[in-house]
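Novice: Sharing a structure below in structure tokens format, with a few things to ask.
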There are 2 protein chains.
Amino acid sequence: MKFSRTSQRRVILSELRKLKSHPTADDLYTIVREKLPQISLGTVYRNLDQMAAAGIIQKLELSGRQKRFDGNVEKHYHMRCPHCGAVKDVENERLADVENILSDVLDELGADSFWIEFTGHCKDCNKAEAGLV
Amino acid sequence: MKFSRTSQRRVILSELRKLKSHPTADDLYTIVREKLPQISLGTVYRNLDQMAAAGIIQKLELSGRQKRFDGNVEKHYHMRCPHCGAVKDVENERLADVENILSDVLDELGADSFWIEFTGHCKDCNKAEAGLV
DNA sequence: CCGTTTTTAGTAATGATTACTATTTTTAAA
DNA sequence: TTTAAAAATAGTAATCATTACTAAAAACGG
């Protein structure tokens, strides 16, 4: 199972890397079809899964329905808006402390990994739910 | 939308409360059918969702496929076995420190809530994957 | 080149969940 | 109690994300 170089895989990866929006497979299907109108949804799914398995991209199994993908493989965290479903990166220096503690907890539990995610309204949805828009 | 008292809801809740296994809706459907053979899967889903919305039970939206339910509404964390899919409660006193930090992080981010979950092989699967069973 | 491996497009199938509907049960008030 | 409105039910159909299948095409390595 060696990787072949195909235009499909190349376009999927380069489009994903352009985005900060953590798209779903279907989002990427829509975007990639502008460059490769014949591509099939299965090809998008397969390539995303393969690249995630190879560590080239990240697969976000957030607690919603659809999985999301992230071209940034550095360890970082995400916040999902419960209103519009958008997923944004989260940055906070105190998360380093959390990581340190949890890495000890992992050892004590005999666990392999931990997952943290946040829920919070994004700016626009905050306004919308307050009736300001 | 007031709650009516139905035998279906009562049995679903009491069976869930007997279990420590964090069953899926389908698991509960199987169990409850022993007492109420006519119950339909939709009724199980609907009641679980309603009770979760009312805070009577917990709905675990873990990062796998199926959602799971927990009769214990106290705040606690879970570990999922990547091999057999089992979900177990996690206890560790240092998680209180993590909660404290994350509650500050929530404020700083303007977020509403956080979710932590662990992945780790359970005893039996550890043996199985080591080829000992 | 050329045989082998990998990938593809297109389609079908799956699995979890939700929606629909006609009927029944529960509720609360008269 | 009777009774009308509200809520819930069983059974079924529909939906949505994802995975599986297949025959044809493309990429690979020698």
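Chain lettering (A, B, ...) mirrors the order of the structure tokens, residue numbering begins at 1 for each chain separately, and ligand numbering begins at 1 in order of display.
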For region 96-99 of chain A, work out the shell of residues within 8 Å, counting only C-alpha atoms (C1' of nucleotides) and skipping chain neighbours fewer than 5 positions away, then give it as a PyMOL selection string.
Specialist: chain B and resi 98+101-102
Novice: Distance cut-off 8 Å, counting only C-alpha atoms (C1' of nucleotides) - which residues of chain B neighbour chain C? Return them as a ChimeraX atom specification.
Specialist: /B:4-6,65-66
Novice: State, in Å with one decimal place, the distance from CA of Gly64 (chain A) to CA of Glu117 (chain A).
Specialist: 11.3 Å
Novice: Per residue of chain B within 10 Å of chain D, record the nearest atom pair and its distance in Å to one decimal, counting only C-alpha atoms (C1' of nucleotides), with rows in chain order and ascending residue number, as a Markdown table.
Specialist:
```
| residue | atom | partner | partner_atom | distance |
| --- | --- | --- | --- | --- |
| B:Met1 | CA | D:DA7 | C1' | 7.2 |
| B:Lys2 | CA | D:DA7 | C1' | 7.4 |
| B:Phe3 | CA | D:DA7 | C1' | 7.5 |
| B:Ser4 | CA | D:DA7 | C1' | 6.6 |
| B:Arg5 | CA | D:DA8 | C1' | 9.4 |
| B:Thr6 | CA | D:DA8 | C1' | 8.0 |
| B:Gln8 | CA | D:DT9 | C1' | 9.1 |
| B:Arg9 | CA | D:DA8 | C1' | 9.8 |
| B:Gln38 | CA | D:DA10 | C1' | 7.3 |
| B:Ile39 | CA | D:DA10 | C1' | 6.8 |
| B:Ser40 | CA | D:DA10 | C1' | 5.8 |
| B:Leu41 | CA | D:DA10 | C1' | 9.0 |
| B:Gly42 | CA | D:DA10 | C1' | 8.5 |
| B:Thr43 | CA | D:DT9 | C1' | 7.2 |
| B:Arg46 | CA | D:DA8 | C1' | 9.7 |
| B:Asn47 | CA | D:DA8 | C1' | 9.6 |
```
Novice: Would you write out those residues with N, CA, C and O atoms, as a PDB file, in the first residue's frame?
Specialist:
```
ATOM      1  N   MET B   1     -45.250  20.940  26.251  1.00  0.00           N
ATOM      2  CA  MET B   1     -44.477  19.679  26.258  1.00  0.00           C
ATOM      3  C   MET B   1     -44.174  19.220  27.683  1.00  0.00           C
ATOM      4  O   MET B   1     -43.055  19.251  28.162  1.00  0.00           O
ATOM      5  N   LYS B   2     -45.214  18.803  28.353  1.00  0.00           N
ATOM      6  CA  LYS B   2     -45.024  18.248  29.697  1.00  0.00           C
ATOM      7  C   LYS B   2     -44.777  16.756  29.595  1.00  0.00           C
ATOM      8  O   LYS B   2     -45.289  16.102  28.692  1.00  0.00           O
ATOM      9  N   PHE B   3     -44.067  16.226  30.564  1.00  0.00           N
ATOM     10  CA  PHE B   3     -43.802  14.793  30.580  1.00  0.00           C
ATOM     11  C   PHE B   3     -45.051  14.039  31.032  1.00  0.00           C
ATOM     12  O   PHE B   3     -45.645  14.370  32.055  1.00  0.00           O
ATOM     13  N   SER B   4     -45.405  13.040  30.271  1.00  0.00           N
ATOM     14  CA  SER B   4     -46.422  12.104  30.740  1.00  0.00           C
ATOM     15  C   SER B   4     -45.728  10.915  31.371  1.00  0.00           C
ATOM     16  O   SER B   4     -44.605  10.588  31.012  1.00  0.00           O
ATOM     17  N   ARG B   5     -46.431  10.254  32.268  1.00  0.00           N
ATOM     18  CA  ARG B   5     -45.825   9.066  32.874  1.00  0.00           C
ATOM     19  C   ARG B   5     -46.249   7.842  32.089  1.00  0.00           C
ATOM     20  O   ARG B   5     -47.419   7.468  32.090  1.00  0.00           O
ATOM     21  N   THR B   6     -45.310   7.246  31.406  1.00  0.00           N
ATOM     22  CA  THR B   6     -45.619   6.046  30.627  1.00  0.00           C
ATOM     23  C   THR B   6     -44.724   4.911  31.098  1.00  0.00           C
ATOM     24  O   THR B   6     -43.623   5.149  31.594  1.00  0.00           O
ATOM     25  N   GLN B   8     -43.233   2.856  29.237  1.00  0.00           N
ATOM     26  CA  GLN B   8     -42.036   2.812  28.404  1.00  0.00           C
ATOM     27  C   GLN B   8     -40.921   3.663  28.998  1.00  0.00           C
ATOM     28  O   GLN B   8     -39.791   3.210  29.149  1.00  0.00           O
ATOM     29  N   ARG B   9     -41.266   4.906  29.351  1.00  0.00           N
ATOM     30  CA  ARG B   9     -40.234   5.780  29.885  1.00  0.00           C
ATOM     31  C   ARG B   9     -39.697   5.251  31.219  1.00  0.00           C
ATOM     32  O   ARG B   9     -38.499   5.278  31.470  1.00  0.00           O
ATOM     33  N   GLN B  38     -43.385  -4.972  22.880  1.00  0.00           N
ATOM     34  CA  GLN B  38     -43.961  -4.203  21.784  1.00  0.00           C
ATOM     35  C   GLN B  38     -43.279  -2.856  21.565  1.00  0.00           C
ATOM     36  O   GLN B  38     -43.608  -2.138  20.637  1.00  0.00           O
ATOM     37  N   ILE B  39     -42.363  -2.488  22.444  1.00  0.00           N
ATOM     38  CA  ILE B  39     -41.793  -1.145  22.347  1.00  0.00           C
ATOM     39  C   ILE B  39     -41.039  -0.977  21.027  1.00  0.00           C
ATOM     40  O   ILE B  39     -40.478  -1.940  20.492  1.00  0.00           O
ATOM     41  N   SER B  40     -41.059   0.224  20.505  1.00  0.00           N
ATOM     42  CA  SER B  40     -40.366   0.446  19.237  1.00  0.00           C
ATOM     43  C   SER B  40     -39.069   1.228  19.466  1.00  0.00           C
ATOM     44  O   SER B  40     -38.940   1.968  20.439  1.00  0.00           O
ATOM     45  N   LEU B  41     -38.151   1.024  18.542  1.00  0.00           N
ATOM     46  CA  LEU B  41     -36.843   1.672  18.669  1.00  0.00           C
ATOM     47  C   LEU B  41     -36.982   3.185  18.736  1.00  0.00           C
ATOM     48  O   LEU B  41     -36.282   3.855  19.493  1.00  0.00           O
ATOM     49  N   GLY B  42     -37.900   3.728  17.946  1.00  0.00           N
ATOM     50  CA  GLY B  42     -38.116   5.168  17.964  1.00  0.00           C
ATOM     51  C   GLY B  42     -38.511   5.683  19.341  1.00  0.00           C
ATOM     52  O   GLY B  42     -38.099   6.764  19.753  1.00  0.00           O
ATOM     53  N   THR B  43     -39.301   4.909  20.043  1.00  0.00           N
ATOM     54  CA  THR B  43     -39.710   5.291  21.399  1.00  0.00           C
ATOM     55  C   THR B  43     -38.501   5.356  22.319  1.00  0.00           C
ATOM     56  O   THR B  43     -38.386   6.259  23.158  1.00  0.00           O
ATOM     57  N   ARG B  46     -36.531   8.491  21.369  1.00  0.00           N
ATOM     58  CA  ARG B  46     -37.228   9.716  21.763  1.00  0.00           C
ATOM     59  C   ARG B  46     -37.152   9.940  23.261  1.00  0.00           C
ATOM     60  O   ARG B  46     -36.838  11.034  23.731  1.00  0.00           O
ATOM     61  N   ASN B  47     -37.383   8.870  24.030  1.00  0.00           N
ATOM     62  CA  ASN B  47     -37.358   9.018  25.481  1.00  0.00           C
ATOM     63  C   ASN B  47     -35.964   9.335  25.990  1.00  0.00           C
ATOM     64  O   ASN B  47     -35.808  10.153  26.903  1.00  0.00           O
TER      65      ASN B  47
END
```
Novice: Any idea which chain B residues end up within 6 Å of chain A if we count only C-alpha atoms, as number ranges by chain please?
Specialist: B: 61-63, 98, 111-120
Novice: List the neighbours of region 69-72 of chain B out to 7 Å using only C-alpha atoms (C1' of nucleotides); skip same-chain residues closer than 5 positions along the sequence, and give me the result as JSON, numbers by chain.
Specialist: {"B": [16, 17, 22, 23, 24, 57, 58, 59, 60]}
Novice: Suppose we keep C-alpha atoms; can you now write the selection as a PDB file, in the first residue's frame?
Specialist:
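part-v3.pdb, written as the output of this step:
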```pdb
ATOM      1  CA  LEU B  16     -30.470   2.406  32.230  1.00  0.00           C
ATOM      2  CA  ARG B  17     -29.901   3.117  35.900  1.00  0.00           C
ATOM      3  CA  HIS B  22     -23.050   3.223  29.008  1.00  0.00           C
ATOM      4  CA  PRO B  23     -25.344   1.489  26.537  1.00  0.00           C
ATOM      5  CA  THR B  24     -26.331   2.720  23.106  1.00  0.00           C
ATOM      6  CA  ILE B  57     -29.791  11.217  32.259  1.00  0.00           C
ATOM      7  CA  GLN B  58     -26.592  12.009  30.376  1.00  0.00           C
ATOM      8  CA  LYS B  59     -26.080  11.653  26.660  1.00  0.00           C
ATOM      9  CA  LEU B  60     -22.493  10.877  25.798  1.00  0.00           C
TER      10      LEU B  60
END
```
Novice: Using Å and a single decimal, report how far CA of Val11 (chain B) sits from CA of Pro37 (chain B).
Specialist: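 Atom-to-atom, CA of Pro37 (chain B) and CA of Val11 (chain B) are spaced 11.7 Å apart.
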Novice: Can you list every residue in chain B that DSSP puts in helix (DSSP H, G or I), as an MDAnalysis selection string?
Specialist: chainID B and resid 7:18 25:32 41:53 95:109 123:129
Novice: What is the CA of Ala25 (chain A) to CA of Tyr45 (chain A) distance in Å?
Specialist: 6.1 Å
